[in-house]
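Below is the file start-v6.tsv, which contains TSV, C-alpha atoms and all ligand atoms.
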chain	number	residue	atom	x	y	z
A	1	MET	CA	108.48	61.20	-80.85
A	2	PRO	CA	107.09	58.86	-78.17
A	3	HIS	CA	103.81	57.22	-79.16
A	4	GLU	CA	100.63	57.43	-77.08
A	5	VAL	CA	98.61	54.23	-77.56
A	6	ARG	CA	95.77	52.29	-75.93
A	7	ALA	CA	96.76	49.31	-73.82
A	8	VAL	CA	95.50	46.90	-71.14
A	9	VAL	CA	96.92	47.56	-67.67
A	10	ALA	CA	96.59	45.58	-64.42
A	11	HIS	CA	96.91	47.94	-61.44
A	12	GLY	CA	96.59	45.61	-58.49
A	13	LYS	CA	96.15	42.05	-57.33
A	14	GLY	CA	92.78	40.71	-58.47
A	15	GLU	CA	91.58	44.10	-59.69
A	16	PRO	CA	89.81	44.15	-63.06
A	17	VAL	CA	92.14	45.30	-65.84
A	18	SER	CA	91.52	48.59	-67.62
A	19	VAL	CA	92.25	50.07	-71.04
A	20	GLU	CA	94.43	53.15	-70.73
A	21	THR	CA	96.69	55.43	-72.70
A	22	ILE	CA	100.34	54.47	-72.31
A	23	VAL	CA	103.51	56.05	-73.62
A	24	VAL	CA	105.80	53.97	-75.85
A	25	PRO	CA	109.25	55.56	-76.33
A	26	ASP	CA	111.08	55.60	-79.64
A	27	PRO	CA	113.34	52.57	-79.92
A	28	GLY	CA	116.81	53.01	-78.46
A	29	PRO	CA	119.89	50.99	-79.42
A	30	GLY	CA	118.97	47.33	-79.95
A	31	GLU	CA	115.23	47.99	-79.56
A	32	ALA	CA	112.19	47.87	-81.85
A	33	VAL	CA	108.69	49.32	-81.75
A	34	VAL	CA	106.13	46.86	-83.09
A	35	ARG	CA	102.59	47.65	-84.27
A	36	VAL	CA	100.66	44.77	-82.71
A	37	GLN	CA	98.09	43.12	-84.98
A	38	ALA	CA	96.89	40.30	-82.73
A	39	CYS	CA	97.61	39.04	-79.21
A	40	GLY	CA	96.21	35.92	-77.52
A	41	VAL	CA	95.00	35.86	-73.91
A	42	CYS	CA	97.17	33.33	-72.03
A	43	HIS	CA	96.55	32.00	-68.54
A	44	THR	CA	99.88	33.56	-67.55
A	45	ASP	CA	98.33	37.04	-68.07
A	46	LEU	CA	95.73	36.08	-65.50
A	47	HIS	CA	98.49	34.77	-63.16
A	48	TYR	CA	100.12	38.23	-63.41
A	49	ARG	CA	96.82	39.96	-62.68
A	50	GLU	CA	96.31	37.67	-59.66
A	51	GLY	CA	99.74	38.64	-58.28
A	52	GLY	CA	100.89	35.02	-58.75
A	53	ILE	CA	104.12	35.87	-60.60
A	54	THR	CA	105.55	39.07	-59.10
A	55	ASP	CA	104.08	42.06	-57.30
A	56	GLU	CA	105.59	44.64	-59.65
A	57	PHE	CA	102.29	46.32	-60.53
A	58	PRO	CA	101.21	48.02	-62.75
A	59	PHE	CA	101.57	45.35	-65.43
A	60	LEU	CA	101.15	45.91	-69.13
A	61	LEU	CA	99.58	42.57	-70.03
A	62	GLY	CA	99.67	40.49	-73.24
A	63	HIS	CA	102.61	38.49	-74.56
A	64	GLU	CA	101.39	36.17	-77.34
A	65	ALA	CA	101.49	38.43	-80.35
A	66	ALA	CA	102.24	39.05	-84.00
A	67	GLY	CA	102.66	42.39	-85.72
A	68	ILE	CA	104.68	44.63	-87.98
A	69	VAL	CA	107.98	46.25	-87.00
A	70	GLU	CA	107.40	49.99	-87.14
A	71	ALA	CA	110.78	51.41	-86.13
A	72	VAL	CA	114.14	50.11	-84.97
A	73	GLY	CA	116.90	51.70	-82.92
A	74	ASP	CA	120.60	52.04	-83.62
A	75	GLY	CA	122.54	48.90	-84.32
A	76	VAL	CA	119.52	46.74	-85.16
A	77	THR	CA	120.27	44.52	-88.14
A	78	GLN	CA	118.11	41.41	-87.69
A	79	VAL	CA	114.77	43.15	-88.39
A	80	ALA	CA	113.69	46.27	-90.28
A	81	PRO	CA	110.53	48.41	-90.46
A	82	GLY	CA	107.80	46.55	-92.36
A	83	ASP	CA	108.92	43.06	-91.26
A	84	TYR	CA	106.15	40.70	-90.10
A	85	VAL	CA	107.16	39.18	-86.76
A	86	VAL	CA	106.01	36.98	-83.92
A	87	LEU	CA	107.16	38.34	-80.56
A	88	ASN	CA	109.14	36.04	-78.28
A	89	TRP	CA	110.24	36.13	-74.66
A	90	ARG	CA	113.49	34.33	-75.30
A	91	ALA	CA	115.93	36.71	-77.01
A	92	VAL	CA	119.03	34.71	-76.11
A	93	CYS	CA	122.13	36.53	-74.91
A	94	GLY	CA	124.77	34.18	-76.34
A	95	GLN	CA	127.02	34.80	-73.35
A	96	CYS	CA	125.53	33.48	-70.11
A	97	ARG	CA	126.60	30.12	-68.69
A	98	ALA	CA	123.69	28.29	-70.38
A	99	CYS	CA	124.47	29.83	-73.77
A	100	ALA	CA	128.18	29.14	-73.25
A	101	LYS	CA	127.36	25.47	-72.62
A	102	GLY	CA	125.53	25.29	-75.96
A	103	LYS	CA	122.07	25.19	-74.36
A	104	PRO	CA	120.68	28.59	-75.32
A	105	TRP	CA	117.06	27.50	-74.77
A	106	TYR	CA	117.87	27.77	-71.05
A	107	CYS	CA	119.42	31.26	-71.51
A	108	PHE	CA	119.55	32.91	-68.06
A	109	ALA	CA	120.00	36.49	-69.33
A	110	THR	CA	117.46	36.95	-72.14
A	111	HIS	CA	117.19	40.43	-73.62
A	112	ASN	CA	114.28	42.83	-73.10
A	113	ALA	CA	113.94	46.50	-74.04
A	114	ALA	CA	116.18	48.68	-71.87
A	115	GLN	CA	113.73	51.61	-71.84
A	116	LYS	CA	110.45	51.53	-69.96
A	117	MET	CA	106.97	52.10	-71.30
A	118	THR	CA	104.94	54.25	-68.90
A	119	LEU	CA	101.44	55.32	-67.94
A	120	ALA	CA	100.50	58.85	-69.04
A	121	SER	CA	101.45	59.90	-65.48
A	122	GLY	CA	105.03	58.75	-66.10
A	123	ARG	CA	104.71	55.71	-63.83
A	124	GLU	CA	106.75	52.83	-65.22
A	125	LEU	CA	104.94	49.70	-66.44
A	126	SER	CA	106.11	46.10	-66.04
A	127	PRO	CA	105.43	44.40	-69.38
A	128	ALA	CA	104.24	40.78	-69.02
A	129	LEU	CA	107.17	38.48	-69.89
A	130	GLY	CA	109.04	41.54	-71.13
A	131	ILE	CA	106.55	42.03	-73.98
A	132	GLY	CA	103.27	43.81	-73.06
A	133	ALA	CA	101.32	43.36	-76.29
A	134	PHE	CA	97.70	44.11	-75.36
A	135	ALA	CA	98.64	47.47	-76.83
A	136	GLU	CA	98.42	49.12	-80.22
A	137	LYS	CA	102.22	49.36	-80.16
A	138	THR	CA	104.85	47.92	-77.88
A	139	LEU	CA	108.59	48.35	-77.28
A	140	VAL	CA	110.76	45.24	-77.22
A	141	HIS	CA	114.36	44.19	-77.74
A	142	ALA	CA	114.92	43.57	-81.46
A	143	GLY	CA	115.89	39.98	-80.62
A	144	GLN	CA	112.33	39.47	-79.37
A	145	CYS	CA	111.08	39.90	-82.95
A	146	THR	CA	111.14	36.68	-84.98
A	147	LYS	CA	110.44	37.09	-88.69
A	148	VAL	CA	107.94	34.60	-90.10
A	149	ASN	CA	106.12	34.06	-93.40
A	150	PRO	CA	103.57	36.91	-93.75
A	151	ALA	CA	101.09	34.51	-95.38
A	152	ALA	CA	100.19	33.32	-91.86
A	153	ARG	CA	97.39	35.43	-90.36
A	154	PRO	CA	98.41	37.23	-87.14
A	155	GLN	CA	95.57	35.74	-85.05
A	156	ALA	CA	97.12	32.30	-85.59
A	157	ALA	CA	100.81	33.18	-85.87
A	158	GLY	CA	100.89	35.18	-82.63
A	159	LEU	CA	99.87	32.11	-80.62
A	160	LEU	CA	103.30	30.60	-81.25
A	161	GLY	CA	104.69	33.46	-79.15
A	162	CYS	CA	103.74	31.70	-75.91
A	163	GLY	CA	101.13	29.05	-75.18
A	164	VAL	CA	101.28	26.99	-78.36
A	165	MET	CA	105.08	26.97	-78.39
A	166	ALA	CA	105.15	26.14	-74.67
A	167	GLY	CA	102.82	23.17	-75.03
A	168	LEU	CA	104.16	21.85	-78.30
A	169	GLY	CA	107.74	22.19	-77.07
A	170	ALA	CA	106.89	20.56	-73.72
A	171	ALA	CA	105.90	17.42	-75.60
A	172	ILE	CA	108.57	17.42	-78.31
A	173	ASN	CA	111.59	19.31	-76.95
A	174	THR	CA	111.35	18.73	-73.20
A	175	GLY	CA	109.47	15.42	-73.14
A	176	GLY	CA	111.21	14.11	-76.25
A	177	ILE	CA	108.05	12.28	-77.39
A	178	GLY	CA	108.78	10.20	-80.46
A	179	ARG	CA	107.25	8.06	-83.16
A	180	GLY	CA	105.19	5.17	-81.81
A	181	GLU	CA	105.37	6.34	-78.19
A	182	SER	CA	102.61	7.10	-75.70
A	183	ILE	CA	101.85	10.44	-74.05
A	184	ALA	CA	99.22	11.73	-71.64
A	185	VAL	CA	98.46	15.44	-71.33
A	186	ILE	CA	96.76	16.66	-68.15
A	187	GLY	CA	94.86	19.91	-68.72
A	188	CYS	CA	93.62	20.57	-72.24
A	189	GLY	CA	93.60	24.35	-72.50
A	190	GLY	CA	95.64	26.12	-75.17
A	191	VAL	CA	98.91	24.80	-73.74
A	192	GLY	CA	97.76	21.20	-73.29
A	193	ASP	CA	96.13	21.02	-76.73
A	194	ALA	CA	99.37	22.31	-78.25
A	195	ALA	CA	101.20	19.45	-76.49
A	196	ILE	CA	98.67	17.09	-78.07
A	197	ALA	CA	99.16	18.66	-81.52
A	198	GLY	CA	102.94	18.40	-81.04
A	199	ALA	CA	102.74	14.75	-80.05
A	200	ALA	CA	100.63	14.06	-83.14
A	201	LEU	CA	103.24	15.84	-85.32
A	202	ALA	CA	106.00	13.74	-83.72
A	203	GLY	CA	104.15	10.50	-84.51
A	204	ALA	CA	103.08	9.43	-81.01
A	205	SER	CA	100.67	6.52	-81.39
A	206	THR	CA	98.79	6.86	-78.09
A	207	ILE	CA	97.78	10.39	-77.10
A	208	ILE	CA	95.65	10.59	-73.96
A	209	ALA	CA	93.89	13.86	-73.16
A	210	VAL	CA	92.94	14.41	-69.49
A	211	ASP	CA	90.69	17.25	-68.32
A	212	VAL	CA	87.80	17.82	-65.93
A	213	ASP	CA	85.70	19.51	-68.62
A	214	PRO	CA	83.97	17.37	-71.28
A	215	THR	CA	84.03	20.20	-73.85
A	216	LYS	CA	87.80	20.52	-73.49
A	217	LEU	CA	88.11	16.76	-74.04
A	218	GLU	CA	86.05	17.00	-77.21
A	219	TRP	CA	88.27	19.83	-78.50
A	220	ALA	CA	91.40	17.82	-77.59
A	221	THR	CA	90.26	15.07	-79.95
A	222	GLY	CA	90.32	17.63	-82.74
A	223	PHE	CA	94.04	18.21	-82.06
A	224	GLY	CA	94.90	14.52	-82.29
A	225	ALA	CA	94.06	12.92	-78.92
A	226	THR	CA	93.41	9.20	-79.45
A	227	HIS	CA	91.78	8.73	-76.02
A	228	THR	CA	90.16	11.02	-73.46
A	229	VAL	CA	89.87	10.76	-69.67
A	230	ASN	CA	87.56	12.89	-67.54
A	231	ALA	CA	89.56	13.35	-64.33
A	232	GLY	CA	86.41	14.57	-62.57
A	233	GLU	CA	84.84	11.13	-63.02
A	234	THR	CA	87.74	8.65	-63.21
A	235	ASP	CA	91.11	8.32	-61.48
A	236	PRO	CA	93.37	9.58	-64.29
A	237	VAL	CA	96.42	7.58	-63.15
A	238	ALA	CA	94.52	4.27	-63.33
A	239	ALA	CA	92.92	5.26	-66.63
A	240	ILE	CA	96.27	6.21	-68.23
A	241	ARG	CA	97.83	2.93	-67.06
A	242	GLU	CA	94.92	0.96	-68.47
A	243	LEU	CA	95.22	2.68	-71.85
A	244	THR	CA	98.95	1.90	-71.99
A	245	GLY	CA	98.97	-1.84	-71.39
A	246	GLY	CA	99.01	-1.40	-67.61
A	247	HIS	CA	102.38	0.38	-67.67
A	248	GLY	CA	101.83	4.15	-67.84
A	249	ALA	CA	102.75	6.57	-70.61
A	250	ASP	CA	106.27	7.24	-71.91
A	251	VAL	CA	105.69	10.96	-71.35
A	252	VAL	CA	103.11	12.73	-69.16
A	253	VAL	CA	102.71	16.50	-69.49
A	254	ASP	CA	101.13	18.48	-66.64
A	255	ALA	CA	99.66	21.53	-68.35
A	256	VAL	CA	97.73	22.61	-65.23
A	257	GLY	CA	100.51	23.07	-62.68
A	258	ARG	CA	98.89	22.06	-59.40
A	259	PRO	CA	100.17	19.64	-56.74
A	260	GLU	CA	97.49	17.07	-57.56
A	261	THR	CA	98.04	17.17	-61.32
A	262	PHE	CA	101.82	17.00	-60.96
A	263	THR	CA	101.46	14.02	-58.63
A	264	GLN	CA	99.21	12.35	-61.20
A	265	ALA	CA	101.78	13.04	-63.93
A	266	PHE	CA	104.51	11.54	-61.72
A	267	TYR	CA	102.59	8.29	-61.13
A	268	ALA	CA	101.03	7.96	-64.60
A	269	ARG	CA	104.45	7.48	-66.24
A	270	ASP	CA	105.86	4.14	-67.27
A	271	LEU	CA	109.05	3.11	-65.46
A	272	ALA	CA	111.87	5.35	-66.71
A	273	GLY	CA	109.26	7.66	-68.25
A	274	THR	CA	109.31	11.43	-68.26
A	275	ALA	CA	106.97	13.81	-66.38
A	276	VAL	CA	106.99	17.36	-67.75
A	277	LEU	CA	105.67	20.30	-65.72
A	278	VAL	CA	104.64	23.12	-68.06
A	279	GLY	CA	101.68	24.53	-66.08
A	280	VAL	CA	102.86	27.29	-63.76
A	281	PRO	CA	102.30	26.72	-60.02
A	282	THR	CA	101.84	29.52	-57.50
A	283	PRO	CA	104.38	30.15	-54.71
A	284	GLU	CA	102.44	28.51	-51.85
A	285	MET	CA	102.06	25.13	-53.61
A	286	THR	CA	104.07	22.12	-52.42
A	287	VAL	CA	104.25	18.43	-53.32
A	288	GLN	CA	105.33	15.51	-51.18
A	289	LEU	CA	106.52	12.28	-52.80
A	290	PRO	CA	108.01	9.15	-51.23
A	291	LEU	CA	111.72	9.33	-52.06
A	292	ILE	CA	111.72	5.61	-52.84
A	293	GLU	CA	109.17	6.26	-55.61
A	294	LEU	CA	111.33	9.02	-57.06
A	295	PHE	CA	114.22	6.58	-57.12
A	296	GLY	CA	112.38	3.41	-57.97
A	297	ARG	CA	110.41	4.77	-60.92
A	298	GLY	CA	113.51	6.21	-62.54
A	299	GLY	CA	113.23	8.38	-65.61
A	300	ALA	CA	112.92	12.12	-65.28
A	301	THR	CA	110.75	14.88	-63.92
A	302	LYS	CA	111.43	18.03	-65.90
A	303	SER	CA	110.14	21.57	-66.06
A	304	SER	CA	109.51	23.11	-69.43
A	305	TRP	CA	110.15	26.82	-69.72
A	306	TYR	CA	108.59	28.01	-72.97
A	307	GLY	CA	108.81	24.52	-74.41
A	308	ASP	CA	112.63	24.70	-74.46
A	309	CYS	CA	112.18	26.57	-77.72
A	310	LEU	CA	114.56	28.64	-79.78
A	311	PRO	CA	112.30	31.17	-81.49
A	312	ALA	CA	114.55	31.70	-84.52
A	313	ARG	CA	114.70	27.95	-85.12
A	314	ASP	CA	111.14	26.98	-84.19
A	315	PHE	CA	108.74	29.80	-85.14
A	316	PRO	CA	109.47	29.99	-88.89
A	317	ALA	CA	109.40	26.19	-89.17
A	318	LEU	CA	106.11	25.84	-87.28
A	319	ILE	CA	104.57	28.62	-89.37
A	320	GLU	CA	105.47	26.64	-92.51
A	321	LEU	CA	103.80	23.53	-91.03
A	322	TYR	CA	100.73	25.69	-90.31
A	323	LEU	CA	100.64	26.99	-93.87
A	324	GLN	CA	100.93	23.41	-95.16
A	325	GLY	CA	97.90	22.42	-93.06
A	326	ARG	CA	99.93	20.22	-90.68
A	327	LEU	CA	99.62	22.33	-87.51
A	328	PRO	CA	96.05	23.52	-86.81
A	329	LEU	CA	96.78	26.92	-85.27
A	330	ASP	CA	93.37	28.29	-86.32
A	331	ARG	CA	91.67	25.72	-84.11
A	332	PHE	CA	93.07	27.46	-81.00
A	333	VAL	CA	91.33	30.74	-81.87
A	334	SER	CA	87.98	30.54	-80.07
A	335	GLU	CA	87.05	34.20	-80.52
A	336	GLU	CA	88.43	37.52	-81.72
A	337	ILE	CA	87.94	40.42	-79.32
A	338	GLY	CA	88.88	44.07	-78.84
A	339	LEU	CA	91.27	45.46	-76.22
A	340	ASP	CA	88.34	46.39	-74.00
A	341	ALA	CA	87.21	42.75	-73.69
A	342	VAL	CA	90.31	41.26	-71.99
A	343	GLU	CA	88.71	41.25	-68.52
A	344	GLU	CA	85.70	39.38	-69.89
A	345	ALA	CA	88.10	37.00	-71.68
A	346	PHE	CA	89.71	36.16	-68.31
A	347	HIS	CA	86.29	35.19	-66.99
A	348	ARG	CA	85.57	33.10	-70.07
A	349	MET	CA	88.93	31.37	-69.59
A	350	GLU	CA	88.11	30.67	-65.94
A	351	ARG	CA	84.72	29.27	-66.95
A	352	GLY	CA	86.47	27.07	-69.53
A	353	GLU	CA	84.56	28.49	-72.49
A	354	VAL	CA	87.56	29.27	-74.70
A	355	LEU	CA	90.95	27.92	-75.73
A	356	ARG	CA	92.22	31.31	-76.81
A	357	SER	CA	90.51	34.66	-76.97
A	358	VAL	CA	92.61	36.69	-79.38
A	359	VAL	CA	92.72	40.47	-79.23
A	360	VAL	CA	92.74	41.86	-82.76
A	361	LEU	CA	93.97	45.41	-83.26
B	401	LIG	N1	105.91	26.87	-68.89
B	401	LIG	C1	105.64	27.82	-69.77
B	401	LIG	O1	106.54	28.32	-70.44
B	401	LIG	C2	104.22	28.28	-69.93
B	401	LIG	C3	103.86	29.09	-71.02
B	401	LIG	C4	102.50	29.46	-71.16
B	401	LIG	C5	101.57	29.05	-70.23
B	401	LIG	N2	101.96	28.29	-69.18
B	401	LIG	C6	101.03	27.81	-68.14
B	401	LIG	O2	100.34	26.66	-68.63
B	401	LIG	C7	99.13	26.51	-67.88
B	401	LIG	C8	97.97	26.29	-68.83
B	401	LIG	O3	97.73	27.47	-69.61
B	401	LIG	P1	96.46	27.57	-70.57
B	401	LIG	O4	96.54	28.90	-71.20
B	401	LIG	O5	96.34	26.33	-71.38
B	401	LIG	O6	95.29	27.58	-69.45
B	401	LIG	P2	93.75	27.21	-69.55
B	401	LIG	O7	93.12	27.79	-68.35
B	401	LIG	O8	93.23	27.53	-70.91
B	401	LIG	O9	93.72	25.60	-69.46
B	401	LIG	C9	93.83	24.86	-68.28
B	401	LIG	C10	93.04	23.55	-68.47
B	401	LIG	O10	93.25	22.71	-67.33
B	401	LIG	C11	92.05	22.09	-67.00
B	401	LIG	N3	92.12	21.66	-65.61
B	401	LIG	C12	92.01	22.42	-64.48
B	401	LIG	N4	92.16	21.64	-63.38
B	401	LIG	C13	92.37	20.38	-63.82
B	401	LIG	C14	92.59	19.14	-63.17
B	401	LIG	N5	92.63	19.05	-61.83
B	401	LIG	N6	92.76	18.04	-63.92
B	401	LIG	C15	92.72	18.12	-65.29
B	401	LIG	N7	92.52	19.27	-65.96
B	401	LIG	C16	92.34	20.38	-65.23
B	401	LIG	C17	90.99	23.12	-67.28
B	401	LIG	O11	89.70	22.55	-67.44
B	401	LIG	C18	91.53	23.75	-68.57
B	401	LIG	O12	91.04	23.06	-69.71
B	401	LIG	C19	99.00	27.78	-67.03
B	401	LIG	O13	99.47	27.48	-65.73
B	401	LIG	C20	99.93	28.76	-67.72
B	401	LIG	O14	100.41	29.76	-66.86
B	401	LIG	C21	103.26	27.89	-69.03
B	402	ZN	ZN	122.26	33.37	-72.49
B	403	ZN	ZN	101.77	32.86	-72.04

Can I see the file as structure tokens?
Ligand SMILES: NC(=O)c1ccc[n+]([C@@H]2O[C@H](COP(=O)([O-])OP(=O)(O)OC[C@H]3O[C@@H](n4cnc5c(N)ncnc54)[C@H](O)[C@@H]3O)[C@@H](O)[C@H]2O)c1
Ligand SMILES: [Zn+2]
Ligand SMILES: [Zn+2]
Amino acid sequence: MPHEVRAVVAHGKGEPVSVETIVVPDPGPGEAVVRVQACGVCHTDLHYREGGITDEFPFLLGHEAAGIVEAVGDGVTQVAPGDYVVLNWRAVCGQCRACAKGKPWYCFATHNAAQKMTLASGRELSPALGIGAFAEKTLVHAGQCTKVNPAARPQAAGLLGCGVMAGLGAAINTGGIGRGESIAVIGCGGVGDAAIAGAALAGASTIIAVDVDPTKLEWATGFGATHTVNAGETDPVAAIRELTGGHGADVVVDAVGRPETFTQAFYARDLAGTAVLVGVPTPEMTVQLPLIELFGRGGATKSSWYGDCLPARDFPALIELYLQGRLPLDRFVSEEIGLDAVEEAFHRMERGEVLRSVVVL
């Protein structure tokens, strides 16, 4: 029997989202239906709503979630009804050219549910990042369900499903930040603060938080930033150089994703340092850099898709660190809201009032 549940749908570019009844089919082969317990509001949901990612409206938003597996389809062995899972958008295929090369975190053919969830009218929905978890239940590929320790509360655990993993992985996996090194993080929202928390876990000795909002800088200190720079008042490149012996940081993470912040990240690196772009730009954005600088500064400029994570490797381990008090996931949860408050949460995000609003179901 298909399930009729309440969910948050974006119908058109820039239009306020609405709560509607959607139809979730029974899981087919390889699929699972998950009863969502909590789902964080990520800036990427807003990018979808703004038409910045694709124009395949209507979108079923939400993709940073934890819940309980309710039913599985034929052939599913990795999870069973009753399992507590964090949803992921990297169910690796094991067969594409990235997987074949032994780099499955780049997997180019990740699995999503084959069936479509629909509006009551029958119109097919596009689930954000193949998840769509601002919903009482959602349909995913079973590989998108990563079992974690049920002692972790869903409001915190679900955040690993996107923003926290993306930021933390951008610093550790993509940037390769290590013990005793220096890092600067531009943009201290949920993603940037996770990069800061990751750098602290990895033993970085200088962790510079950069934002234009003093409150965000104060919060960043709580995640382990050793220095803060208000980019609205000071040139962040000069400030980062000054805080790193005049050289620049070993790793600079751009967790905003705009031409000016990426350019700052590029120039705020030490020679042979690494700039990591984890913030998501929009299609019309461009950057221009002198080619001699690209050559002469050496090092690397890298993009970080989902923090180069492997959910099955990283989620259970990070949940254990959380339960041991070494990864402050609760600190990201600014407020708990209902499904009907997602539109307001977007406005609060835009006004910079929250790190994460978390929908609790
Ligand atoms: N690459 C990935 O896999 C991935 C995953 C999740 C999110 N993201 C992206 O990461 C970005 C950040 O997401 P979020 O949820 O943390 O967003 P957010 O809106 O909570 O945070 C953005 C922060 O950047 C700050 N900021 C804005 N302009 C700035 C500037 N010029 N200089 C310094 N700081 C500035 C804001 O004050 C805010 O604190 C978004 O673009 C999102 O789409 C990427
Ligand atoms: Zn693959
Ligand atoms: Zn996200």

Quick one: contact table of chain A to ligand ZN 403 (chain B), 12 Å max, nearest atom pair and distance in Å to one decimal per residue, counting all atoms listed in the file, chain and number order, as CSV?
residue,atom,partner,partner_atom,distance
A:Cys39,CA,B:ZN403,ZN,10.3
A:Gly40,CA,B:ZN403,ZN,8.4
A:Val41,CA,B:ZN403,ZN,7.6
A:Cys42,CA,B:ZN403,ZN,4.6
A:His43,CA,B:ZN403,ZN,6.3
A:Thr44,CA,B:ZN403,ZN,4.9
A:Asp45,CA,B:ZN403,ZN,6.7
A:Leu46,CA,B:ZN403,ZN,9.5
A:His47,CA,B:ZN403,ZN,9.7
A:Tyr48,CA,B:ZN403,ZN,10.3
A:Leu61,CA,B:ZN403,ZN,10.2
A:Gly62,CA,B:ZN403,ZN,8.0
A:His63,CA,B:ZN403,ZN,6.2
A:Glu64,CA,B:ZN403,ZN,6.3
A:Ala65,CA,B:ZN403,ZN,10.0
A:Leu87,CA,B:ZN403,ZN,11.5
A:Asn88,CA,B:ZN403,ZN,10.2
A:Trp89,CA,B:ZN403,ZN,9.4
A:Ala128,CA,B:ZN403,ZN,8.8
A:Leu129,CA,B:ZN403,ZN,8.1
A:Gly130,CA,B:ZN403,ZN,11.4
A:Ile131,CA,B:ZN403,ZN,10.5
A:Gly132,CA,B:ZN403,ZN,11.1
A:Ala133,CA,B:ZN403,ZN,11.3
A:Gly158,CA,B:ZN403,ZN,10.9
A:Leu159,CA,B:ZN403,ZN,8.8
A:Leu160,CA,B:ZN403,ZN,9.6
A:Gly161,CA,B:ZN403,ZN,7.7
A:Cys162,CA,B:ZN403,ZN,4.5
A:Gly163,CA,B:ZN403,ZN,5.0
A:Val164,CA,B:ZN403,ZN,8.6
A:Met165,CA,B:ZN403,ZN,9.3
A:Ala166,CA,B:ZN403,ZN,8.0
A:Gly167,CA,B:ZN403,ZN,10.2
A:Gly189,CA,B:ZN403,ZN,11.8
A:Gly190,CA,B:ZN403,ZN,9.6
A:Val191,CA,B:ZN403,ZN,8.7
A:Val278,CA,B:ZN403,ZN,10.9
A:Gly279,CA,B:ZN403,ZN,10.2
A:Val280,CA,B:ZN403,ZN,10.0
A:Trp305,CA,B:ZN403,ZN,10.6
A:Tyr306,CA,B:ZN403,ZN,8.4
A:Gly307,CA,B:ZN403,ZN,11.2
A:Arg356,CA,B:ZN403,ZN,10.8

Protein and nucleic acid residues within 8 Å of ligand ZN 402 (chain B) (all atoms listed in the file) as a ChimeraX atom specification: /A:92-100,104,106-110

Residues at most 10 Å from Ala341 of chain A, counting all atoms listed in the file, excluding those fewer than 6 positions away in the same chain, as a list of chain:residue names? A:Val8, A:Val17, A:Ser18, A:Val19, A:Ser357, A:Val358, A:Val359

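The space between atom CA of Ala312 of chain A and atom CA of Cys145 of chain A spans 9.0 Å.
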
Non-local contacts of Ala114 of chain A (8 Å; all atoms listed in the file; under 6 positions in same chain excluded) as JSON, numbers by chain: {"A": [28, 31, 141]}

As an exercise, work out the distance from atom CA of Leu201 of chain A to atom CA of Gln264 of chain A in Å and give it to one decimal place.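 Interatomic distance here is 24.7 Å.
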
Using the incomplete input, complete segment 103-114 of chain A to the level of N, CA and C atoms; output as a PDB file, in the coordinates of the input.
ATOM      1  N   LYS A 103     123.478  25.466 -74.654  1.00  0.00           N
ATOM      2  CA  LYS A 103     122.070  25.190 -74.360  1.00  0.00           C
ATOM      3  C   LYS A 103     121.298  26.507 -74.266  1.00  0.00           C
ATOM      4  N   PRO A 104     121.260  27.243 -75.378  1.00  0.00           N
ATOM      5  CA  PRO A 104     120.680  28.590 -75.320  1.00  0.00           C
ATOM      6  C   PRO A 104     119.190  28.627 -74.987  1.00  0.00           C
ATOM      7  N   TRP A 105     118.484  27.495 -75.126  1.00  0.00           N
ATOM      8  CA  TRP A 105     117.060  27.500 -74.770  1.00  0.00           C
ATOM      9  C   TRP A 105     116.868  27.666 -73.263  1.00  0.00           C
ATOM     10  N   TYR A 106     117.950  27.489 -72.486  1.00  0.00           N
ATOM     11  CA  TYR A 106     117.870  27.770 -71.050  1.00  0.00           C
ATOM     12  C   TYR A 106     118.351  29.194 -70.738  1.00  0.00           C
ATOM     13  N   CYS A 107     118.767  29.956 -71.731  1.00  0.00           N
ATOM     14  CA  CYS A 107     119.420  31.260 -71.510  1.00  0.00           C
ATOM     15  C   CYS A 107     118.931  31.957 -70.231  1.00  0.00           C
ATOM     16  N   PHE A 108     119.889  32.312 -69.356  1.00  0.00           N
ATOM     17  CA  PHE A 108     119.550  32.910 -68.060  1.00  0.00           C
ATOM     18  C   PHE A 108     119.585  34.439 -68.104  1.00  0.00           C
ATOM     19  N   ALA A 109     119.862  35.018 -69.257  1.00  0.00           N
ATOM     20  CA  ALA A 109     120.000  36.490 -69.330  1.00  0.00           C
ATOM     21  C   ALA A 109     119.363  37.020 -70.620  1.00  0.00           C
ATOM     22  N   THR A 110     118.115  36.557 -70.886  1.00  0.00           N
ATOM     23  CA  THR A 110     117.460  36.950 -72.140  1.00  0.00           C
ATOM     24  C   THR A 110     117.266  38.469 -72.195  1.00  0.00           C
ATOM     25  N   HIS A 111     117.293  38.986 -73.429  1.00  0.00           N
ATOM     26  CA  HIS A 111     117.190  40.430 -73.620  1.00  0.00           C
ATOM     27  C   HIS A 111     115.740  40.919 -73.615  1.00  0.00           C
ATOM     28  N   ASN A 112     115.525  42.062 -72.997  1.00  0.00           N
ATOM     29  CA  ASN A 112     114.280  42.830 -73.100  1.00  0.00           C
ATOM     30  C   ASN A 112     114.657  44.270 -73.412  1.00  0.00           C
ATOM     31  N   ALA A 113     113.650  45.084 -73.787  1.00  0.00           N
ATOM     32  CA  ALA A 113     113.940  46.500 -74.040  1.00  0.00           C
ATOM     33  C   ALA A 113     114.580  47.121 -72.794  1.00  0.00           C
ATOM     34  N   ALA A 114     115.531  48.014 -73.003  1.00  0.00           N
ATOM     35  CA  ALA A 114     116.180  48.680 -71.870  1.00  0.00           C
ATOM     36  C   ALA A 114     115.299  49.825 -71.345  1.00  0.00           C
TER      37      ALA A 114
END
